[in-house]
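Participant: Have a look at this one before I ask anything.
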Amino acid sequence: MNHVLRGAGATLQLFVYDANGDPANGPAGAMTADVKDSAGVAISGSPFTVTNPPATTGVYLVALPVSAAVLDTYDVTWHMADASLRYSQFEMVGGFLFSI
């Protein structure tokens, strides 16, 4: 599970792979991501627009606003262009004890 530092904002990432385990772009078209806390309440600004950085394959990004500052576990539902869904989670933390 990814950890996001409270009050710092963050960029959430989704990596997409094909059946062989190689990076692969998802279906072409607009994508969004819903971010909800553990109580199922969407954070301010959700759903967010998903971007695919130029010259990358299988990487999708969402900029998380600094306003998402409640310490909690969040569920992210990635809405792909073909109406399929992907899921991820992250945890909002107050600080890090150490870095690796």
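Numbering starts fresh at 1 for the residues of each chain in the structure tokens, the chains themselves are lettered A, B, ... in the order given, and ligands are numbered from 1 as they appear.
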Using only C-alpha atoms, which protein or nucleic acid residues come within 12 Å of Ala83 of chain A? Drop anything in the same chain fewer than 2 positions from it, and give the result as a ChimeraX atom specification.
Facilitator: /A:26-33,77-81,85-86
Participant: Based on the selection just made, write all heavy atoms of those residues as a tab-separated table (two decimals), in the first residue's frame.
Facilitator:
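Generated file (result.tsv):
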chain	number	residue	atom	x	y	z
A	26	GLY	N	-3.95	1.27	-21.48
A	26	GLY	CA	-5.34	0.85	-21.42
A	26	GLY	C	-6.09	1.37	-22.63
A	26	GLY	O	-5.50	1.95	-23.55
A	27	PRO	N	-7.39	1.19	-22.67
A	27	PRO	CA	-8.19	1.64	-23.81
A	27	PRO	C	-8.06	3.15	-24.00
A	27	PRO	O	-7.97	3.89	-23.02
A	27	PRO	CB	-9.62	1.28	-23.41
A	27	PRO	CG	-9.51	0.37	-22.26
A	27	PRO	CD	-8.18	0.58	-21.63
A	28	ALA	N	-8.01	3.60	-25.24
A	28	ALA	CA	-7.89	5.02	-25.54
A	28	ALA	C	-9.16	5.75	-25.11
A	28	ALA	O	-10.26	5.22	-25.23
A	28	ALA	CB	-7.63	5.22	-27.02
A	29	GLY	N	-8.99	6.95	-24.62
A	29	GLY	CA	-10.13	7.77	-24.22
A	29	GLY	C	-9.94	8.34	-22.84
A	29	GLY	O	-8.97	8.06	-22.15
A	30	ALA	N	-10.89	9.17	-22.44
A	30	ALA	CA	-10.82	9.85	-21.15
A	30	ALA	C	-11.00	8.87	-20.00
A	30	ALA	O	-11.80	7.95	-20.07
A	30	ALA	CB	-11.87	10.93	-21.09
A	31	MET	N	-10.23	9.08	-18.94
A	31	MET	CA	-10.32	8.26	-17.74
A	31	MET	C	-10.50	9.17	-16.53
A	31	MET	O	-10.06	10.32	-16.54
A	31	MET	CB	-9.04	7.44	-17.55
A	31	MET	CG	-8.81	6.39	-18.59
A	31	MET	SD	-7.20	5.57	-18.39
A	31	MET	CE	-7.19	5.11	-16.67
A	32	THR	N	-11.15	8.64	-15.49
A	32	THR	CA	-11.29	9.37	-14.23
A	32	THR	C	-10.96	8.43	-13.08
A	32	THR	O	-10.89	7.21	-13.25
A	32	THR	CB	-12.71	9.92	-14.04
A	32	THR	OG1	-13.63	8.82	-14.03
A	32	THR	CG2	-13.09	10.92	-15.11
A	33	ALA	N	-10.77	9.02	-11.90
A	33	ALA	CA	-10.51	8.23	-10.70
A	33	ALA	C	-11.31	8.82	-9.54
A	33	ALA	O	-11.26	10.02	-9.29
A	33	ALA	CB	-9.03	8.24	-10.37
A	77	THR	N	-10.93	4.18	-7.24
A	77	THR	CA	-11.54	3.43	-8.34
A	77	THR	C	-11.18	4.15	-9.62
A	77	THR	O	-11.56	5.30	-9.83
A	77	THR	CB	-13.07	3.36	-8.18
A	77	THR	OG1	-13.38	2.77	-6.92
A	77	THR	CG2	-13.69	2.53	-9.30
A	78	TRP	N	-10.42	3.46	-10.44
A	78	TRP	CA	-9.97	4.01	-11.73
A	78	TRP	C	-10.98	3.57	-12.79
A	78	TRP	O	-11.17	2.38	-13.01
A	78	TRP	CB	-8.59	3.47	-12.07
A	78	TRP	CG	-7.53	3.78	-11.05
A	78	TRP	CD1	-7.32	3.12	-9.88
A	78	TRP	CD2	-6.56	4.80	-11.11
A	78	TRP	NE1	-6.26	3.68	-9.21
A	78	TRP	CE2	-5.77	4.71	-9.95
A	78	TRP	CE3	-6.25	5.79	-12.05
A	78	TRP	CZ2	-4.71	5.56	-9.69
A	78	TRP	CZ3	-5.19	6.63	-11.80
A	78	TRP	CH2	-4.44	6.53	-10.64
A	79	HIS	N	-11.62	4.54	-13.43
A	79	HIS	CA	-12.62	4.27	-14.47
A	79	HIS	C	-11.92	4.37	-15.83
A	79	HIS	O	-11.59	5.46	-16.29
A	79	HIS	CB	-13.77	5.28	-14.40
A	79	HIS	CG	-14.52	5.21	-13.11
A	79	HIS	ND1	-15.63	4.44	-12.96
A	79	HIS	CD2	-14.29	5.78	-11.90
A	79	HIS	CE1	-16.10	4.55	-11.72
A	79	HIS	NE2	-15.28	5.36	-11.05
A	80	MET	N	-11.70	3.21	-16.44
A	80	MET	CA	-11.02	3.16	-17.73
A	80	MET	C	-11.98	3.62	-18.84
A	80	MET	O	-13.20	3.62	-18.65
A	80	MET	CB	-10.53	1.74	-18.01
A	80	MET	CG	-9.68	1.14	-16.90
A	80	MET	SD	-8.18	2.03	-16.57
A	80	MET	CE	-7.12	1.36	-17.82
A	81	ALA	N	-11.43	3.96	-19.99
A	81	ALA	CA	-12.24	4.48	-21.11
A	81	ALA	C	-13.24	3.47	-21.64
A	81	ALA	O	-14.26	3.85	-22.20
A	81	ALA	CB	-11.32	4.95	-22.22
A	85	LEU	N	-13.01	-1.23	-14.70
A	85	LEU	CA	-12.54	-0.59	-13.47
A	85	LEU	C	-11.24	-1.23	-12.98
A	85	LEU	O	-11.04	-2.43	-13.15
A	85	LEU	CB	-13.59	-0.71	-12.37
A	85	LEU	CG	-14.98	-0.15	-12.68
A	85	LEU	CD1	-15.94	-0.48	-11.54
A	85	LEU	CD2	-14.93	1.35	-12.91
A	86	ARG	N	-10.42	-0.44	-12.36
A	86	ARG	CA	-9.23	-0.91	-11.65
A	86	ARG	C	-9.31	-0.30	-10.26
A	86	ARG	O	-9.89	0.77	-10.07
A	86	ARG	CB	-7.92	-0.46	-12.32
A	86	ARG	CG	-7.78	-0.84	-13.78
A	86	ARG	CD	-7.58	-2.35	-13.94
A	86	ARG	NE	-7.28	-2.72	-15.30
A	86	ARG	CZ	-8.17	-2.94	-16.25
A	86	ARG	NH1	-9.44	-2.79	-15.99
A	86	ARG	NH2	-7.81	-3.31	-17.46
Participant: Can you pull out the residues contacting segment 8-10 of chain A? Cut-off 12 Å, using only C-alpha atoms, and skip same-chain residues under 2 positions away; I want them as a PyMOL selection string.
Facilitator: chain A and resi 2-6+12-13+61-70+90-95
Participant: With only C-alpha atoms as the atoms that count, which of A:Gly7, A:Phe15, A:Val76, A:Val59 lies nearest to Ser46 of chain A?
Facilitator: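 Looking at the shortest contact to Ser46 of chain A, the residue is A:Val76.
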Participant: Using only C-alpha atoms, find the one residue out of A:Asp72, A:Asp37, A:Met1, A:Asn25 that sits nearest to Thr56 of chain A.
Facilitator: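 Looking at the shortest contact to Thr56 of chain A, the residue is A:Asn25.
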Participant: Find the residues around Tyr17 of chain A up to 7 Å (only C-alpha atoms counted), leave out those fewer than 6 positions away in its own chain, and share them as an MDAnalysis selection string.
Facilitator: chainID A and resid 23:24 58
Participant: What does the file look like for those residues with C-alpha atoms, as a PDB file, in the first residue's frame?
Facilitator:
ATOM      1  CA  PRO A  23       3.495  -2.532 -19.619  1.00  0.00           C
ATOM      2  CA  ALA A  24       0.488  -1.772 -21.825  1.00  0.00           C
ATOM      3  CA  GLY A  58       0.965   1.699 -19.003  1.00  0.00           C
TER       4      GLY A  58
END
